[in-house]
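Asks: Below is target_2.txt; it holds compact mmCIF, C-alpha atoms.
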# COMPACT_ATOMS: atom_id res chain seq x y z
CA MET A 1 34.75 -7.95 -11.42
CA ASP A 2 33.96 -4.50 -10.06
CA LYS A 3 31.66 -2.30 -12.07
CA LYS A 4 31.98 1.40 -12.76
CA PHE A 5 28.90 3.57 -12.60
CA TYR A 6 28.55 6.39 -15.10
CA ILE A 7 26.43 9.28 -13.86
CA ASP A 8 24.72 11.83 -16.04
CA GLU A 9 25.31 15.01 -14.04
CA SER A 10 24.26 17.40 -16.78
CA GLY A 11 20.97 19.23 -16.74
CA ASN A 12 19.26 20.96 -13.85
CA THR A 13 16.43 19.72 -11.66
CA GLY A 14 16.09 22.99 -9.79
CA ASP A 15 16.86 24.33 -6.34
CA LEU A 16 15.55 23.53 -2.86
CA VAL A 17 14.72 27.16 -2.17
CA VAL A 18 11.06 28.07 -1.58
CA THR A 19 10.13 31.75 -1.95
CA GLU A 20 6.96 33.79 -2.32
CA GLU A 21 7.77 34.22 -6.00
CA ASP A 22 8.55 30.53 -6.48
CA ALA A 23 6.75 28.27 -4.03
CA ASN A 24 6.80 25.06 -6.07
CA PHE A 25 10.51 24.61 -6.82
CA SER A 26 10.12 26.12 -10.30
CA SER A 27 7.68 23.28 -11.13
CA GLN A 28 10.52 20.82 -10.49
CA GLU A 29 9.30 19.15 -7.31
CA TYR A 30 11.64 16.19 -7.63
CA PHE A 31 15.39 15.82 -7.83
CA THR A 32 16.48 12.99 -10.11
CA LEU A 33 19.81 11.34 -10.77
CA ALA A 34 20.47 8.32 -12.97
CA CYS A 35 23.49 6.20 -13.79
CA ILE A 36 24.40 2.94 -15.48
CA GLY A 37 26.95 0.43 -14.23
CA LEU A 38 29.03 -1.87 -16.37
CA ASN A 39 32.37 -3.66 -16.41
CA ASP A 40 35.29 -2.15 -18.30
CA SER A 41 35.22 -5.16 -20.62
CA SER A 42 31.63 -4.33 -21.60
CA LEU A 43 32.31 -0.70 -22.48
CA PRO A 44 33.54 -1.38 -26.06
CA ASP A 45 30.39 -3.42 -26.73
CA LEU A 46 28.20 -0.48 -25.71
CA GLU A 47 30.24 1.98 -27.76
CA ASN A 48 30.09 -0.24 -30.86
CA PHE A 49 26.37 -0.83 -30.41
CA ILE A 50 25.69 2.92 -30.27
CA LYS A 51 27.82 3.53 -33.38
CA GLU A 52 25.91 0.88 -35.33
CA LEU A 53 22.59 2.17 -34.04
CA LYS A 54 23.41 5.74 -35.12
CA LEU A 55 24.24 4.49 -38.60
CA LYS A 56 21.04 2.46 -38.74
CA TYR A 57 18.88 5.47 -37.84
CA LYS A 58 21.06 8.01 -39.69
CA ILE A 59 21.87 10.06 -36.60
CA GLN A 60 24.84 12.32 -37.25
CA SER A 61 25.11 14.17 -33.95
CA PRO A 62 28.49 13.28 -32.36
CA GLU A 63 27.04 13.55 -28.85
CA LEU A 64 23.77 12.05 -27.66
CA LYS A 65 22.54 14.98 -25.58
CA PHE A 66 18.84 14.94 -24.80
CA SER A 67 18.47 18.58 -25.82
CA LYS A 68 19.61 17.57 -29.30
CA MET A 69 17.89 14.19 -29.33
CA LYS A 70 14.39 15.11 -28.16
CA GLY A 71 13.32 15.56 -31.77
CA ILE A 72 13.98 11.85 -32.22
CA PHE A 73 11.00 10.93 -30.05
CA GLY A 74 8.10 10.23 -32.40
CA LYS A 75 10.39 10.23 -35.44
CA LYS A 76 13.08 7.67 -34.66
CA ILE A 77 11.68 6.14 -31.51
CA GLY A 78 13.23 2.82 -32.52
CA PHE A 79 16.68 4.22 -31.72
CA ILE A 80 15.63 4.97 -28.15
CA LEU A 81 13.87 1.62 -27.69
CA GLU A 82 16.80 -0.42 -29.00
CA LEU A 83 19.31 1.51 -26.90
CA LEU A 84 17.22 1.12 -23.75
CA LYS A 85 16.80 -2.60 -24.40
CA PHE A 86 20.57 -3.03 -24.78
CA ILE A 87 21.23 -1.09 -21.57
CA GLU A 88 18.57 -3.06 -19.70
CA GLU A 89 20.09 -6.39 -20.75
CA SER A 90 23.78 -5.52 -20.29
CA CYS A 91 24.01 -2.83 -17.60
CA ASP A 92 22.89 -2.14 -14.07
CA VAL A 93 20.66 0.91 -13.79
CA LEU A 94 20.43 3.07 -10.67
CA ILE A 95 17.89 5.89 -10.45
CA GLU A 96 17.51 8.19 -7.44
CA ILE A 97 14.36 10.29 -7.04
CA VAL A 98 13.98 12.73 -4.16
CA ASP A 99 10.81 14.61 -3.27
CA LYS A 100 12.16 18.08 -2.49
CA LYS A 101 9.37 18.95 -0.06
CA TYR A 102 10.03 15.72 1.84
CA PHE A 103 13.75 16.51 1.91
CA LEU A 104 12.92 19.89 3.45
CA SER A 105 10.59 18.13 5.89
CA THR A 106 13.39 15.88 7.15
CA THR A 107 15.60 18.95 7.57
CA ILE A 108 12.89 20.68 9.61
CA VAL A 109 12.70 17.60 11.84
CA ASN A 110 16.48 17.59 12.29
CA CYS A 111 16.60 21.28 13.13
CA LEU A 112 13.44 21.96 15.12
CA ILE A 113 11.69 18.78 16.26
CA ASN A 114 14.15 15.94 16.79
CA PRO A 115 17.69 17.36 16.65
CA PRO A 116 20.53 14.83 16.82
CA TYR A 117 22.00 16.21 20.04
CA ILE A 118 18.96 15.23 22.15
CA GLN A 119 18.38 11.71 20.89
CA PRO A 120 16.98 9.31 23.51
CA ASP A 121 18.68 5.99 24.12
CA MET A 122 17.10 3.59 21.61
CA ASN A 123 18.14 1.25 18.83
CA GLN A 124 18.81 2.54 15.34
CA ASP A 125 15.70 1.04 13.74
CA THR A 126 13.39 2.65 16.29
CA ARG A 127 15.13 6.01 15.92
CA LYS A 128 14.80 5.81 12.13
CA SER A 129 11.11 4.89 12.36
CA ILE A 130 10.39 7.86 14.63
CA HIS A 131 12.27 10.20 12.30
CA LEU A 132 10.27 8.97 9.31
CA ASP A 133 6.96 9.42 11.15
CA LEU A 134 7.87 12.95 12.22
CA SER A 135 9.02 13.85 8.72
CA GLN A 136 5.76 12.59 7.25
CA TRP A 137 3.80 14.72 9.73
CA VAL A 138 5.75 17.80 8.65
CA TYR A 139 5.25 16.92 4.98
CA ASP A 140 1.50 16.54 5.47
CA HIS A 141 0.82 19.57 7.65
CA VAL A 142 3.34 22.40 7.28
CA THR A 143 2.09 25.33 5.26
CA LYS A 144 3.65 26.92 2.22
CA GLU A 145 4.21 30.05 4.31
CA PHE A 146 6.20 28.07 6.87
CA LEU A 147 8.38 26.51 4.17
CA ILE A 148 9.06 29.97 2.74
CA LYS A 149 10.01 31.31 6.18
CA PHE A 150 12.15 28.24 6.95
CA THR A 151 14.02 28.64 3.66
CA TYR A 152 14.61 32.35 4.24
CA ILE A 153 15.81 31.95 7.83
CA SER A 154 18.04 29.02 6.88
CA ARG A 155 19.78 31.32 4.40
CA ASN A 156 19.73 34.29 6.78
CA PRO A 157 20.13 32.72 10.25
CA SER A 158 19.39 34.64 13.43
CA GLU A 159 18.23 33.86 16.95
CA GLU A 160 15.05 35.84 16.36
CA GLY A 161 14.33 33.87 13.20
CA LEU A 162 14.90 30.55 14.96
CA ARG A 163 12.51 31.52 17.73
CA GLU A 164 9.89 32.45 15.13
CA LEU A 165 10.22 29.04 13.52
CA PHE A 166 9.84 27.30 16.88
CA ASP A 167 6.77 29.39 17.73
CA ASP A 168 5.13 28.92 14.32
CA LEU A 169 5.71 25.17 14.32
CA LEU A 170 4.42 24.83 17.87
CA ALA A 171 1.28 26.82 17.00
CA LEU A 172 0.71 24.66 13.92
CA ALA A 173 1.05 21.45 15.92
CA LYS A 174 -1.40 22.67 18.57
CA GLU A 175 -4.09 23.45 16.01
CA THR A 176 -3.58 20.29 13.92
CA GLU A 177 -5.78 17.31 14.72
CA ASP A 178 -3.49 14.35 14.22
CA ILE A 179 -2.34 11.43 16.32
CA LEU A 180 1.24 12.74 16.26
CA SER A 181 0.49 16.40 16.97
CA ASP A 182 0.89 16.10 20.76
CA SER A 183 4.25 14.40 20.28
CA ILE A 184 5.31 17.16 17.90
CA CYS A 185 4.39 19.77 20.52
CA LEU A 186 6.40 18.00 23.22
CA SER A 187 9.39 17.57 20.92
CA VAL A 188 9.40 21.22 19.82
CA GLU A 189 9.09 22.40 23.43
CA GLU A 190 12.00 20.13 24.37
CA SER A 191 14.06 21.51 21.47
CA ILE A 192 13.35 25.05 22.67
CA GLU A 193 14.57 24.19 26.17
CA TYR A 194 17.75 22.61 24.80
CA PHE A 195 18.30 25.68 22.64
CA LYS A 196 18.18 27.83 25.78
CA ILE A 197 20.65 25.50 27.53
CA ILE A 198 23.04 25.58 24.58
CA LYS A 199 22.79 29.36 24.36
CA ASN A 200 23.68 29.76 28.03
CA ASP A 201 26.45 27.17 28.07
CA LYS A 202 27.99 26.57 24.65
CA THR A 203 30.74 24.39 26.16
CA LEU A 204 28.19 21.59 26.48
CA PHE A 205 28.53 21.05 22.74
CA ASP A 206 32.08 22.25 22.24
CA ARG A 207 33.77 19.62 20.07
CA ASP A 208 37.16 20.53 21.49
CA ALA A 209 36.01 20.29 25.11
Transcribe the structure of this file into structure tokens.
Replies:
Amino acid sequence: MDKKFYIDESGNTGDLVVTEEDANFSSQEYFTLACIGLNDSSLPDLENFIKELKLKYKIQSPELKFSKMKGIFGKKIGFILELLKFIEESCDVLIEIVDKKYFLSTTIVNCLINPPYIQPDMNQDTRKSIHLDLSQWVYDHVTKEFLIKFTYISRNPSEEGLRELFDDLLALAKETEDILSDSICLSVEESIEYFKIIKNDKTLFDRDA
């Protein structure tokens, strides 16, 4: 029987924007999303269990929102533990955690280092491995100032801004001692050349052509 997954989409784990005033994602460096999966036939069991548990721990709130429940921790921790145990035993749990800086790093690779329109002929696994290696290099070596500039130019695109990003990234790669730095330089230089080609002949990438 197919299961339905119930996602908690409330709350806010911050933006991906990096600015001079807020260079650490408002102290929310990770995006998180969680959901539980269960069959329709199991839903009444969960609802009844929660009702009985609320009676047991004398919880009167009609909705179990964390903002209202956080006072329970340390006072009625048994409620949380019993509920989690029931969910663990009867439901599938899916949790997604994304490092926001790494997400930006992969975007930088896609835009400036290894854009999809100049992919060499290779199998999917090799292409994925290269992309991961390049993204890790960006994550390890790009400066806060570069992330701020990349964020700003992404929101306010211009040819001048794009050229600045290319130049800054190329300069960073040339001064960084790392086994991948030479490859980064070559890839950025190749991206610059393709940018010039695209600028001079946009029909090369015209989807209607």
Asks: Which residue gives the smallest distance to Lys101 of chain A among A:Ser41, A:Ser61, A:Asn156, A:Thr151, with all atoms listed in the file counted?
Replies: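 Between A:Ser41, A:Ser61, A:Asn156, A:Thr151, the residue approaching Lys101 of chain A most closely is A:Thr151.
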Asks: List every protein, DNA or RNA residue that has an atom no more than 9 Å from (21.3, 3.6, -13.2) in the file's coordinate frame, counting all atoms listed in the file, and report them as an MDAnalysis selection string.
Replies: chainID A and resid 5:7 33:37 91:96
Asks: Could you check which of A:Glu175, A:Asp22, A:Glu82, A:Glu159 is closest to Lys196 of chain A, using all atoms listed in the file?
Replies: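 Using all atoms listed in the file, Lys196 of chain A sits closest to A:Glu159.
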Asks: Excluding same-chain residues fewer than 3 positions from Leu162 of chain A, what lies within 10 Å of it counting all atoms listed in the file, as a ChimeraX atom specification?
Replies: /A:111-112,150,153-154,157-159,165-168,192,195
Asks: Please write the residues from the selection above to a file, keeping C-alpha atoms, as a tab-separated table (two decimals), keeping the file's coordinate frame.
Replies:
chain	number	residue	atom	x	y	z
A	111	CYS	CA	16.60	21.28	13.13
A	112	LEU	CA	13.44	21.96	15.12
A	150	PHE	CA	12.15	28.24	6.95
A	153	ILE	CA	15.81	31.95	7.83
A	154	SER	CA	18.04	29.02	6.88
A	157	PRO	CA	20.13	32.72	10.25
A	158	SER	CA	19.39	34.64	13.43
A	159	GLU	CA	18.23	33.86	16.95
A	165	LEU	CA	10.22	29.04	13.52
A	166	PHE	CA	9.84	27.30	16.88
A	167	ASP	CA	6.77	29.39	17.73
A	168	ASP	CA	5.13	28.92	14.32
A	192	ILE	CA	13.35	25.05	22.67
A	195	PHE	CA	18.30	25.68	22.64
Asks: Of the candidates A:Asp40, A:Glu177, A:Glu29, A:Asp201, which one gets nearest to Lys4 of chain A if we count only C-alpha atoms?
Replies: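 Using only C-alpha atoms, Lys4 of chain A sits closest to A:Asp40.
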Asks: Quick one: of A:Phe79, A:Gly161, A:Thr176, A:Leu16, who's nearest to Trp137 of chain A, counting only C-alpha atoms?
Replies: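 Going through A:Phe79, A:Gly161, A:Thr176, A:Leu16 one by one, the smallest distance to Trp137 of chain A is for A:Thr176.
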Asks: Work out how far atom CA of Asn200 of chain A is from atom CA of Thr107 of chain A, in Å to one decimal.
Replies: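 A separation of 24.5 Å between them.
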Asks: Please write as a ChimeraX atom specification the list of polymer residues whose atoms come within 10 Å of (12.7, 20.2, 2.7), counting all atoms listed in the file and keeping to the coordinates of the file.
Replies: /A:16-18,99-109,135,138-139,147,150-151
Asks: Return the single residue from A:Asp133, A:Glu63, A:Glu21, A:Asp2 that is closest to Asn114 of chain A, with distances computed using only C-alpha atoms.
Replies: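 Under the stated criterion, the closest residue is A:Asp133.
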